[in-house]
Every structure is written in C-alpha cells, then in structure tokens.
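Participant: PDB, C-alpha atoms and all ligand atoms, saved as final13.pdb, coming up:
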```pdb
ATOM      1  CA  MET H  22      10.703   2.295 -17.582  1.00  0.00           C
ATOM      2  CA  ALA H  23       9.770   5.921 -18.092  1.00  0.00           C
ATOM      3  CA  LEU H  24       7.537   7.094 -15.261  1.00  0.00           C
ATOM      4  CA  LEU H  25       4.355   7.611 -17.288  1.00  0.00           C
ATOM      5  CA  ASP H  26       4.741   4.187 -18.935  1.00  0.00           C
ATOM      6  CA  LEU H  27       5.197   2.648 -15.510  1.00  0.00           C
ATOM      7  CA  VAL H  28       2.098   4.394 -14.189  1.00  0.00           C
ATOM      8  CA  LYS H  29       0.089   3.264 -17.239  1.00  0.00           C
ATOM      9  CA  HIS H  30       1.322  -0.285 -16.853  1.00  0.00           C
ATOM     10  CA  ARG H  31       0.493  -0.667 -13.142  1.00  0.00           C
ATOM     11  CA  LYS H  32      -2.786  -2.309 -12.253  1.00  0.00           C
ATOM     12  CA  SER H  33      -4.032  -3.860  -9.050  1.00  0.00           C
ATOM     13  CA  VAL H  34      -3.054  -7.527  -8.961  1.00  0.00           C
ATOM     14  CA  ARG H  35      -5.394  -9.978  -7.227  1.00  0.00           C
ATOM     15  CA  ASP H  36      -4.011 -13.263  -8.473  1.00  0.00           C
ATOM     16  CA  PHE H  37      -0.393 -13.957  -7.563  1.00  0.00           C
ATOM     17  CA  LEU H  38       2.088 -16.649  -8.555  1.00  0.00           C
ATOM     18  CA  ASP H  39       3.448 -18.925  -5.858  1.00  0.00           C
ATOM     19  CA  ILE H  40       7.025 -17.714  -6.269  1.00  0.00           C
ATOM     20  CA  PRO H  41       9.046 -16.245  -3.406  1.00  0.00           C
ATOM     21  CA  ILE H  42      10.259 -12.667  -3.770  1.00  0.00           C
ATOM     22  CA  GLU H  43      13.933 -11.831  -3.471  1.00  0.00           C
ATOM     23  CA  ARG H  44      14.601  -9.746  -0.347  1.00  0.00           C
ATOM     24  CA  GLU H  45      16.788  -7.492  -2.506  1.00  0.00           C
ATOM     25  CA  LYS H  46      13.762  -6.483  -4.599  1.00  0.00           C
ATOM     26  CA  ILE H  47      11.704  -5.834  -1.486  1.00  0.00           C
ATOM     27  CA  MET H  48      14.510  -3.679  -0.103  1.00  0.00           C
ATOM     28  CA  THR H  49      14.452  -1.580  -3.294  1.00  0.00           C
ATOM     29  CA  CYS H  50      10.720  -0.995  -2.851  1.00  0.00           C
ATOM     30  CA  LEU H  51      11.282  -0.032   0.777  1.00  0.00           C
ATOM     31  CA  GLU H  52      14.010   2.371  -0.266  1.00  0.00           C
ATOM     32  CA  ALA H  53      11.608   4.064  -2.706  1.00  0.00           C
ATOM     33  CA  ALA H  54       9.094   4.408   0.136  1.00  0.00           C
ATOM     34  CA  ARG H  55      11.744   5.656   2.554  1.00  0.00           C
ATOM     35  CA  LEU H  56      12.596   8.547   0.237  1.00  0.00           C
ATOM     36  CA  ALA H  57       9.008   9.811  -0.031  1.00  0.00           C
ATOM     37  CA  PRO H  58       8.204  13.400   0.968  1.00  0.00           C
ATOM     38  CA  SER H  59       5.984  14.051   3.990  1.00  0.00           C
ATOM     39  CA  ALA H  60       4.481  17.014   5.854  1.00  0.00           C
ATOM     40  CA  CYS H  61       7.207  18.566   8.052  1.00  0.00           C
ATOM     41  CA  ASN H  62       9.335  15.591   6.973  1.00  0.00           C
ATOM     42  CA  SER H  63       7.473  13.566   9.593  1.00  0.00           C
ATOM     43  CA  GLN H  64       7.923  10.223   7.784  1.00  0.00           C
ATOM     44  CA  PRO H  65       5.010   8.783   9.783  1.00  0.00           C
ATOM     45  CA  TRP H  66       5.288   5.167   8.610  1.00  0.00           C
ATOM     46  CA  LYS H  67       6.729   1.812   9.404  1.00  0.00           C
ATOM     47  CA  PHE H  68       6.616  -1.010   6.875  1.00  0.00           C
ATOM     48  CA  ILE H  69       6.435  -4.531   8.320  1.00  0.00           C
ATOM     49  CA  VAL H  70       7.248  -7.033   5.586  1.00  0.00           C
ATOM     50  CA  VAL H  71       5.681 -10.428   6.191  1.00  0.00           C
ATOM     51  CA  ASP H  72       7.401 -12.940   3.934  1.00  0.00           C
ATOM     52  CA  ASP H  73       7.429 -15.942   6.246  1.00  0.00           C
ATOM     53  CA  ARG H  74       4.841 -18.212   4.647  1.00  0.00           C
ATOM     54  CA  GLN H  75       3.306 -19.550   7.846  1.00  0.00           C
ATOM     55  CA  LEU H  76       3.126 -16.160   9.453  1.00  0.00           C
ATOM     56  CA  LYS H  77       1.708 -14.626   6.280  1.00  0.00           C
ATOM     57  CA  ASN H  78      -1.033 -17.267   6.143  1.00  0.00           C
ATOM     58  CA  LYS H  79      -1.860 -16.657   9.801  1.00  0.00           C
ATOM     59  CA  LEU H  80      -1.995 -12.944   9.103  1.00  0.00           C
ATOM     60  CA  CYS H  81      -4.301 -13.428   6.118  1.00  0.00           C
ATOM     61  CA  ASP H  82      -6.644 -15.682   8.115  1.00  0.00           C
ATOM     62  CA  ALA H  83      -6.915 -12.965  10.756  1.00  0.00           C
ATOM     63  CA  ALA H  84      -7.129 -10.010   8.378  1.00  0.00           C
ATOM     64  CA  PHE H  85      -9.611 -11.378   5.866  1.00  0.00           C
ATOM     65  CA  GLY H  86     -12.202 -13.320   7.854  1.00  0.00           C
ATOM     66  CA  ASP H  87     -15.945 -12.662   7.945  1.00  0.00           C
ATOM     67  CA  ILE H  88     -16.907  -9.273   6.505  1.00  0.00           C
ATOM     68  CA  TYR H  89     -13.379  -8.814   5.115  1.00  0.00           C
ATOM     69  CA  SER H  90     -13.371 -12.066   3.114  1.00  0.00           C
ATOM     70  CA  VAL H  91     -13.699 -10.184  -0.169  1.00  0.00           C
ATOM     71  CA  ASN H  92      -9.940  -9.635   0.164  1.00  0.00           C
ATOM     72  CA  SER H  93      -9.038 -13.247   0.886  1.00  0.00           C
ATOM     73  CA  PHE H  94      -7.355 -13.351  -2.534  1.00  0.00           C
ATOM     74  CA  CYS H  95      -4.411 -11.842  -0.623  1.00  0.00           C
ATOM     75  CA  THR H  96      -3.627 -15.351   0.626  1.00  0.00           C
ATOM     76  CA  THR H  97      -2.174 -16.042  -2.851  1.00  0.00           C
ATOM     77  CA  ALA H  98       0.377 -13.232  -2.366  1.00  0.00           C
ATOM     78  CA  PRO H  99       3.777 -14.460  -1.104  1.00  0.00           C
ATOM     79  CA  VAL H 100       4.272 -11.204   0.787  1.00  0.00           C
ATOM     80  CA  ILE H 101       1.991  -8.889   2.723  1.00  0.00           C
ATOM     81  CA  VAL H 102       3.349  -5.536   3.800  1.00  0.00           C
ATOM     82  CA  VAL H 103       1.655  -4.020   6.825  1.00  0.00           C
ATOM     83  CA  VAL H 104       1.969  -0.263   6.920  1.00  0.00           C
ATOM     84  CA  VAL H 105       1.871   1.183  10.421  1.00  0.00           C
ATOM     85  CA  SER H 106       0.728   4.806  10.361  1.00  0.00           C
ATOM     86  CA  GLU H 107       3.063   6.358  12.906  1.00  0.00           C
ATOM     87  CA  LYS H 108       2.577   9.670  14.702  1.00  0.00           C
ATOM     88  CA  SER H 109       3.444  12.764  12.667  1.00  0.00           C
ATOM     89  CA  LYS H 110       5.672  15.498  14.058  1.00  0.00           C
ATOM     90  CA  PHE H 111       3.952  17.927  16.416  1.00  0.00           C
ATOM     91  CA  LEU H 112       3.914  20.748  13.865  1.00  0.00           C
ATOM     92  CA  ALA H 113       2.313  18.562  11.205  1.00  0.00           C
ATOM     93  CA  ARG H 114      -0.364  17.429  13.680  1.00  0.00           C
ATOM     94  CA  ILE H 115      -1.130  20.958  14.892  1.00  0.00           C
ATOM     95  CA  GLY H 116      -1.079  22.316  11.332  1.00  0.00           C
ATOM     96  CA  GLY H 117      -3.316  19.433  10.261  1.00  0.00           C
ATOM     97  CA  MET H 118      -5.813  20.130  13.049  1.00  0.00           C
ATOM     98  CA  PHE H 119      -5.868  23.804  12.133  1.00  0.00           C
ATOM     99  CA  ARG H 120      -6.374  23.019   8.448  1.00  0.00           C
ATOM    100  CA  GLY H 121      -8.689  20.043   8.959  1.00  0.00           C
ATOM    101  CA  THR H 122      -6.286  17.904   6.956  1.00  0.00           C
ATOM    102  CA  LYS H 123      -4.921  14.520   7.959  1.00  0.00           C
ATOM    103  CA  TYR H 124      -1.422  15.031   6.602  1.00  0.00           C
ATOM    104  CA  TYR H 125      -0.302  11.619   7.802  1.00  0.00           C
ATOM    105  CA  LEU H 126      -2.723   9.941   5.403  1.00  0.00           C
ATOM    106  CA  ILE H 127      -1.321  11.949   2.510  1.00  0.00           C
ATOM    107  CA  ASP H 128       2.184  11.044   3.668  1.00  0.00           C
ATOM    108  CA  ILE H 129       1.632   7.308   3.874  1.00  0.00           C
ATOM    109  CA  GLY H 130      -0.238   7.429   0.560  1.00  0.00           C
ATOM    110  CA  ILE H 131       2.785   8.914  -1.179  1.00  0.00           C
ATOM    111  CA  ALA H 132       5.205   6.465   0.452  1.00  0.00           C
ATOM    112  CA  ILE H 133       3.023   3.493  -0.430  1.00  0.00           C
ATOM    113  CA  GLU H 134       2.678   4.602  -4.031  1.00  0.00           C
ATOM    114  CA  HIS H 135       6.463   4.970  -4.247  1.00  0.00           C
ATOM    115  CA  PHE H 136       6.667   1.382  -2.996  1.00  0.00           C
ATOM    116  CA  VAL H 137       4.053   0.223  -5.482  1.00  0.00           C
ATOM    117  CA  LEU H 138       5.665   1.892  -8.489  1.00  0.00           C
ATOM    118  CA  GLN H 139       9.094   0.534  -7.604  1.00  0.00           C
ATOM    119  CA  ALA H 140       7.503  -2.927  -7.293  1.00  0.00           C
ATOM    120  CA  GLU H 141       5.985  -2.517 -10.747  1.00  0.00           C
ATOM    121  CA  ASP H 142       9.371  -1.516 -12.128  1.00  0.00           C
ATOM    122  CA  SER H 143      10.846  -4.669 -10.562  1.00  0.00           C
ATOM    123  CA  GLY H 144       8.250  -6.886 -12.254  1.00  0.00           C
ATOM    124  CA  LEU H 145       6.174  -7.334  -9.093  1.00  0.00           C
ATOM    125  CA  GLY H 146       2.436  -6.833  -8.746  1.00  0.00           C
ATOM    126  CA  THR H 147       0.709  -5.117  -5.844  1.00  0.00           C
ATOM    127  CA  CYS H 148      -2.709  -4.411  -4.493  1.00  0.00           C
ATOM    128  CA  TRP H 149      -3.505  -1.709  -1.971  1.00  0.00           C
ATOM    129  CA  ILE H 150      -5.692  -3.170   0.769  1.00  0.00           C
ATOM    130  CA  GLY H 151      -7.749  -0.839   2.911  1.00  0.00           C
ATOM    131  CA  TRP H 152     -10.462  -3.301   3.977  1.00  0.00           C
ATOM    132  CA  PHE H 153      -9.146  -5.697   6.633  1.00  0.00           C
ATOM    133  CA  ASN H 154      -9.526  -6.606  10.295  1.00  0.00           C
ATOM    134  CA  GLU H 155      -7.034  -4.207  11.857  1.00  0.00           C
ATOM    135  CA  ARG H 156      -7.554  -5.379  15.417  1.00  0.00           C
ATOM    136  CA  ALA H 157      -6.904  -9.033  14.557  1.00  0.00           C
ATOM    137  CA  VAL H 158      -3.679  -8.227  12.673  1.00  0.00           C
ATOM    138  CA  LYS H 159      -1.869  -6.352  15.446  1.00  0.00           C
ATOM    139  CA  PRO H 160      -1.149  -9.140  17.970  1.00  0.00           C
ATOM    140  CA  ILE H 161       0.209 -11.404  15.229  1.00  0.00           C
ATOM    141  CA  LEU H 162       3.008  -8.923  14.493  1.00  0.00           C
ATOM    142  CA  ASN H 163       3.479  -7.584  18.031  1.00  0.00           C
ATOM    143  CA  ILE H 164       2.059  -4.218  17.020  1.00  0.00           C
ATOM    144  CA  PRO H 165       0.944  -2.260  20.104  1.00  0.00           C
ATOM    145  CA  PRO H 166      -2.873  -1.914  20.260  1.00  0.00           C
ATOM    146  CA  HIS H 167      -2.799   1.912  20.102  1.00  0.00           C
ATOM    147  CA  LYS H 168      -0.995   1.951  16.722  1.00  0.00           C
ATOM    148  CA  LYS H 169      -3.021   2.667  13.586  1.00  0.00           C
ATOM    149  CA  LEU H 170      -2.989   0.429  10.511  1.00  0.00           C
ATOM    150  CA  ASP H 171      -4.629   2.023   7.502  1.00  0.00           C
ATOM    151  CA  ILE H 172      -3.261   0.033   4.592  1.00  0.00           C
ATOM    152  CA  LEU H 173      -1.758  -3.349   3.743  1.00  0.00           C
ATOM    153  CA  ILE H 174       0.018  -4.088   0.486  1.00  0.00           C
ATOM    154  CA  ALA H 175      -0.253  -7.475  -1.205  1.00  0.00           C
ATOM    155  CA  LEU H 176       2.942  -8.110  -3.162  1.00  0.00           C
ATOM    156  CA  GLY H 177       4.083 -10.808  -5.536  1.00  0.00           C
ATOM    157  CA  TYR H 178       4.924 -12.004  -9.000  1.00  0.00           C
ATOM    158  CA  TYR H 179       1.907 -12.335 -11.239  1.00  0.00           C
ATOM    159  CA  ASP H 180       0.797 -13.670 -14.567  1.00  0.00           C
ATOM    160  CA  LYS H 181       0.747 -10.641 -16.841  1.00  0.00           C
ATOM    161  CA  ALA H 182      -1.570 -12.414 -19.310  1.00  0.00           C
ATOM    162  CA  LYS H 183      -4.228 -12.737 -16.598  1.00  0.00           C
ATOM    163  CA  LEU H 184      -4.413  -9.055 -15.668  1.00  0.00           C
ATOM    164  CA  HIS H 185      -7.782  -7.369 -16.005  1.00  0.00           C
ATOM    165  CA  SER H 186      -8.159  -4.620 -18.566  1.00  0.00           C
ATOM    166  CA  GLU H 187      -7.549  -1.037 -17.585  1.00  0.00           C
ATOM    167  CA  HIS H 188      -9.898   0.514 -15.070  1.00  0.00           C
ATOM    168  CA  TYR H 189     -11.925   3.507 -16.148  1.00  0.00           C
ATOM    169  CA  ARG H 190     -10.434   6.880 -15.365  1.00  0.00           C
ATOM    170  CA  GLU H 191     -12.238  10.199 -15.560  1.00  0.00           C
ATOM    171  CA  PRO H 192     -11.440  12.276 -18.652  1.00  0.00           C
ATOM    172  CA  MET H 193      -8.803  14.980 -18.403  1.00  0.00           C
ATOM    173  CA  ASP H 194     -11.270  17.881 -18.758  1.00  0.00           C
ATOM    174  CA  LYS H 195     -13.175  16.628 -15.710  1.00  0.00           C
ATOM    175  CA  ILE H 196     -10.193  16.257 -13.390  1.00  0.00           C
ATOM    176  CA  ALA H 197      -8.016  19.207 -14.342  1.00  0.00           C
ATOM    177  CA  SER H 198      -8.265  22.783 -15.516  1.00  0.00           C
ATOM    178  CA  PHE H 199      -5.975  25.742 -15.953  1.00  0.00           C
ATOM    179  CA  ASN H 200      -6.412  29.006 -14.094  1.00  0.00           C
ATOM    180  CA  SER H 201      -9.998  28.496 -12.831  1.00  0.00           C
ATOM    181  CA  TYR H 202     -12.096  25.771 -11.169  1.00  0.00           C
TER     182      TYR H 202
HETATM  183  C1  LIG H 301      -6.628   3.473  -0.370  1.00  0.00           C
HETATM  184  C2  LIG H 301      -6.939   2.284  -1.242  1.00  0.00           C
HETATM  185  C3  LIG H 301      -7.582   1.181  -0.691  1.00  0.00           C
HETATM  186  C4  LIG H 301      -7.833   0.070  -1.471  1.00  0.00           C
HETATM  187  N1  LIG H 301      -8.388  -1.042  -0.893  1.00  0.00           N
HETATM  188  C5  LIG H 301      -8.591  -2.155  -1.638  1.00  0.00           C
HETATM  189  C6  LIG H 301      -9.091  -3.343  -1.032  1.00  0.00           C
HETATM  190  O1  LIG H 301      -9.334  -3.408   0.172  1.00  0.00           O
HETATM  191  N2  LIG H 301      -9.255  -4.428  -1.846  1.00  0.00           N
HETATM  192  C7  LIG H 301      -8.975  -4.420  -3.174  1.00  0.00           C
HETATM  193  O2  LIG H 301      -9.158  -5.453  -3.841  1.00  0.00           O
HETATM  194  N3  LIG H 301      -8.512  -3.294  -3.785  1.00  0.00           N
HETATM  195  C8  LIG H 301      -8.296  -2.177  -3.041  1.00  0.00           C
HETATM  196  N4  LIG H 301      -7.780  -1.044  -3.627  1.00  0.00           N
HETATM  197  C9  LIG H 301      -7.467  -1.053  -5.079  1.00  0.00           C
HETATM  198  C10 LIG H 301      -8.495  -0.260  -5.898  1.00  0.00           C
HETATM  199  O3  LIG H 301      -9.686  -0.985  -5.965  1.00  0.00           O
HETATM  200  C11 LIG H 301      -7.911  -0.021  -7.309  1.00  0.00           C
HETATM  201  O4  LIG H 301      -6.716   0.723  -7.205  1.00  0.00           O
HETATM  202  C12 LIG H 301      -8.878   0.769  -8.213  1.00  0.00           C
HETATM  203  O5  LIG H 301     -10.037  -0.003  -8.461  1.00  0.00           O
HETATM  204  C13 LIG H 301      -8.246   1.101  -9.575  1.00  0.00           C
HETATM  205  O6  LIG H 301      -7.792  -0.072 -10.221  1.00  0.00           O
HETATM  206  P1  LIG H 301      -6.269  -0.270 -10.644  1.00  0.00           P
HETATM  207  O7  LIG H 301      -5.434  -0.194  -9.374  1.00  0.00           O
HETATM  208  O8  LIG H 301      -6.176  -1.637 -11.270  1.00  0.00           O
HETATM  209  O9  LIG H 301      -5.916   0.822 -11.603  1.00  0.00           O
HETATM  210  C14 LIG H 301      -7.501   0.065  -2.862  1.00  0.00           C
HETATM  211  C15 LIG H 301      -6.861   1.179  -3.403  1.00  0.00           C
HETATM  212  C16 LIG H 301      -6.562   2.263  -2.611  1.00  0.00           C
HETATM  213  C17 LIG H 301      -5.813   3.424  -3.223  1.00  0.00           C
END
```
Spit out the file's structure as structure tokens when you get a sec.

Facilitator:
Amino acid sequence: MALLDLVKHRKSVRDFLDIPIEREKIMTCLEAARLAPSACNSQPWKFIVVDDRQLKNKLCDAAFGDIYSVNSFCTTAPVIVVVVSEKSKFLARIGGMFRGTKYYLIDIGIAIEHFVLQAEDSGLGTCWIGWFNERAVKPILNIPPHKKLDILIALGYYDKAKLHSEHYREPMDKIASFNSY
C-alpha cells in the first residue's frame, strides 16, 4: 500500500480475532522497527514479543489489573509486544539533558510506529498501550527492575468490519504553517 493510504487506513484496534500470528509476519514488523532512525543512532529499544498464550494471559492479568483495567481488552490480542526503553548513547543523553529533550522517547516512538505501520501493511491490527502496571510486568519476562517500560503494543488479526470510524484530527491550518508560526 502507498504510505499515505496505509497511514489513513490504520486505526487503533481494541477487539482482536483469536487467530495466531505467523512469526514471519512478526519478524517483518520487527525489521521495520529495527531500521528506525534514532538520536546519535542510539537504537535505545528492545522488543520482547510475547506470543505464548499462557504467558501472554499472565502478562495481561498483571499489566491490566485495578486502575489499569480499562486496557484489559488487550487480553483478546494473541500477541503483546513489550518495548523496553534502553539507555541511549552518552552523547544523546548529554545532548538531551542540555536541550531538555528526552530523545529516547522520540526514538522509541519512531521505531514503534514503524512496527505498527508494517503490521497494518501485513493485515494486522495494533494498539499502542501506555497505561499499564509496569512494575508487575517486569518479573514475568525477567526484565531487570531498573529497566524502563514506556509502551506495550497489542497485536493481532481483527475484524475490519468492526473497526470504529476515524478519530478526529485537527485541521491542516491548525497543525502546520509555512515560513512563520
Ligand atoms: C503513546 C500512546 C499511548 C497510548 N496508550 C493507549 C492506551 O493505554 N490504551 C488505549 O486504548 N489506547 C492507547 N493509545 C491509542 C490512542 O488512544 C489512539 O491512537 C488515538 O485515540 C487515535 O486513534 P487511532 O489510533 O484509532 O487513530 C495510545 C497511543 C499512543 C500514541
């Protein structure tokens, strides 16, 4: 699909089909993420793909209990990808401190969106998940306590007929201008 069509077609999916995902397709998504640009080429990410059903259910129970239960729809996803935000290179961290910019968040955002768009192109739905119990997730996947998890990705096949209509986006003249603010 042409890129703009792909971008227009993608929507957050919150209702997945109970169909396993081919590892080959997941690998293609990971490859798209792997090739993402990052500040000082730090590549500050690690993607942990959880496609073992039992483990995934355990993960979802831990991640989406209590105040996080609004995201318990993720249990319907056959795969959850846990994105570990790894340490950026020294120069990117120092530059980021100087600028007051968390480059690593920009970096993982780009890599995740690469993943998401490749998933869309492969006929898979995704939902970015930023609201989850980070502390409860780590021991389940042997992630050291000092590591940072900012985002999970719910991934799976979905019923295209059931997708919600497009979300509102701000008009072009509000979000962009030429030559002056
Ligand atoms: C950083 C980030 C965090 C998000 N966290 C959640 C979340 O925890 N739960 C959820 O259902 N959607 C989450 N979303 C999805 C947004 O709600 C969604 O992208 C937005 O409403 C626009 O809708 P669309 O993706 O269908 O175009 C998140 C998206 C981003 C980019």

Participant: Which residues sit within 7 Å of ligand LIG 301 (chain H), counting only C-alpha atoms and all ligand atoms, listed as a list in words?

Facilitator: Arg31, Lys32, Ser33, Arg35, Asn92, Cys148, Trp149, Ile150, Gly151, Trp152, Phe153, Ile172, Glu187 and His188 of chain H

Participant: Give me the residues near Pro166 of chain H as a list of chain:residue names, where near means some atom within 8 Å (using all atoms listed in the file) and where sequence neighbours in that chain fewer than 6 positions away do not count.

Facilitator: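 What passes the distance filter is H:Arg156, H:Lys159, H:Pro160.
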
Participant: Between H:Ala197, H:Ile47, H:Ile115, H:Val70, which one has atoms that come closest to Ser143 of chain H, using all atoms listed in the file?

Facilitator: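 Closest residue, counting all atoms listed in the file: H:Ile47.
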
Participant: What does the distance between atom CA of Phe94 of chain H and atom CA of Ile40 of chain H come to in Å, to one decimal place?

Facilitator: 15.5 Å

Participant: For atom CA of Leu170 of chain H and atom CA of Thr96 of chain H, determine how far apart the two atoms are, in Å to one decimal place.

Facilitator: 18.6 Å

Participant: Considering all atoms listed in the file, state which residue in the set H:Asp73, H:Glu191, H:Glu134, H:Glu107 is at the smallest distance from Pro165 of chain H.

Facilitator: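 With all atoms listed in the file as the atom set, the closest residue is H:Glu107.
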
Participant: Can you fill out segment 112-133 of chain H with N, CA, C and O atoms and hand it back as a short mmCIF file (atom, residue, chain, number, x, y, z; two decimals), in the coordinates of the input?

Facilitator:
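selection32.cif was written with the following content:
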```cif
data_model
loop_
_atom_site.label_atom_id
_atom_site.label_comp_id
_atom_site.auth_asym_id
_atom_site.auth_seq_id
_atom_site.Cartn_x
_atom_site.Cartn_y
_atom_site.Cartn_z
N LEU H 112 4.30 19.64 14.75
CA LEU H 112 3.91 20.75 13.86
C LEU H 112 2.94 20.28 12.78
O LEU H 112 1.98 20.97 12.44
N ALA H 113 3.19 19.10 12.26
CA ALA H 113 2.31 18.56 11.20
C ALA H 113 0.94 18.24 11.79
O ALA H 113 -0.09 18.43 11.14
N ARG H 114 0.92 17.76 13.05
CA ARG H 114 -0.36 17.43 13.68
C ARG H 114 -1.16 18.69 14.00
O ARG H 114 -2.35 18.77 13.73
N ILE H 115 -0.46 19.70 14.56
CA ILE H 115 -1.13 20.96 14.89
C ILE H 115 -1.61 21.65 13.61
O ILE H 115 -2.76 22.09 13.50
N GLY H 116 -0.72 21.71 12.62
CA GLY H 116 -1.08 22.32 11.33
C GLY H 116 -2.25 21.58 10.71
O GLY H 116 -3.17 22.19 10.17
N GLY H 117 -2.25 20.25 10.82
CA GLY H 117 -3.32 19.43 10.26
C GLY H 117 -4.64 19.68 10.96
O GLY H 117 -5.69 19.75 10.31
N MET H 118 -4.58 19.85 12.31
CA MET H 118 -5.81 20.13 13.05
C MET H 118 -6.37 21.49 12.64
O MET H 118 -7.57 21.65 12.43
N PHE H 119 -5.48 22.44 12.51
CA PHE H 119 -5.87 23.80 12.13
C PHE H 119 -6.50 23.81 10.73
O PHE H 119 -7.51 24.48 10.49
N ARG H 120 -5.91 23.04 9.83
CA ARG H 120 -6.37 23.02 8.45
C ARG H 120 -7.51 22.02 8.20
O ARG H 120 -8.11 22.02 7.13
N GLY H 121 -7.71 21.11 9.17
CA GLY H 121 -8.69 20.04 8.96
C GLY H 121 -8.19 19.04 7.93
O GLY H 121 -8.98 18.49 7.15
N THR H 122 -6.90 18.81 7.94
CA THR H 122 -6.29 17.90 6.96
C THR H 122 -5.48 16.85 7.68
O THR H 122 -4.66 17.17 8.54
N LYS H 123 -5.72 15.58 7.35
CA LYS H 123 -4.92 14.52 7.96
C LYS H 123 -3.67 14.32 7.11
O LYS H 123 -3.64 13.47 6.21
N TYR H 124 -2.64 15.10 7.43
CA TYR H 124 -1.42 15.03 6.60
C TYR H 124 -0.81 13.64 6.60
O TYR H 124 -0.23 13.21 5.61
N TYR H 125 -0.97 12.93 7.73
CA TYR H 125 -0.30 11.62 7.80
C TYR H 125 -0.85 10.66 6.75
O TYR H 125 -0.13 9.82 6.21
N LEU H 126 -2.15 10.82 6.42
CA LEU H 126 -2.72 9.94 5.40
C LEU H 126 -2.17 10.26 4.01
O LEU H 126 -1.94 9.37 3.20
N ILE H 127 -1.95 11.55 3.77
CA ILE H 127 -1.32 11.95 2.51
C ILE H 127 0.09 11.37 2.46
O ILE H 127 0.52 10.80 1.46
N ASP H 128 0.79 11.51 3.60
CA ASP H 128 2.18 11.04 3.67
C ASP H 128 2.30 9.54 3.40
O ASP H 128 3.12 9.11 2.57
N ILE H 129 1.49 8.75 4.09
CA ILE H 129 1.63 7.31 3.87
C ILE H 129 1.18 6.94 2.46
O ILE H 129 1.73 6.02 1.85
N GLY H 130 0.21 7.70 1.93
CA GLY H 130 -0.24 7.43 0.56
C GLY H 130 0.90 7.60 -0.44
O GLY H 130 1.09 6.77 -1.34
N ILE H 131 1.66 8.67 -0.26
CA ILE H 131 2.78 8.91 -1.18
C ILE H 131 3.82 7.80 -1.03
O ILE H 131 4.30 7.23 -2.02
N ALA H 132 4.17 7.48 0.22
CA ALA H 132 5.20 6.46 0.45
C ALA H 132 4.77 5.11 -0.11
O ALA H 132 5.58 4.40 -0.73
N ILE H 133 3.51 4.79 0.08
CA ILE H 133 3.02 3.49 -0.43
C ILE H 133 3.05 3.48 -1.95
O ILE H 133 3.44 2.49 -2.58
#
```
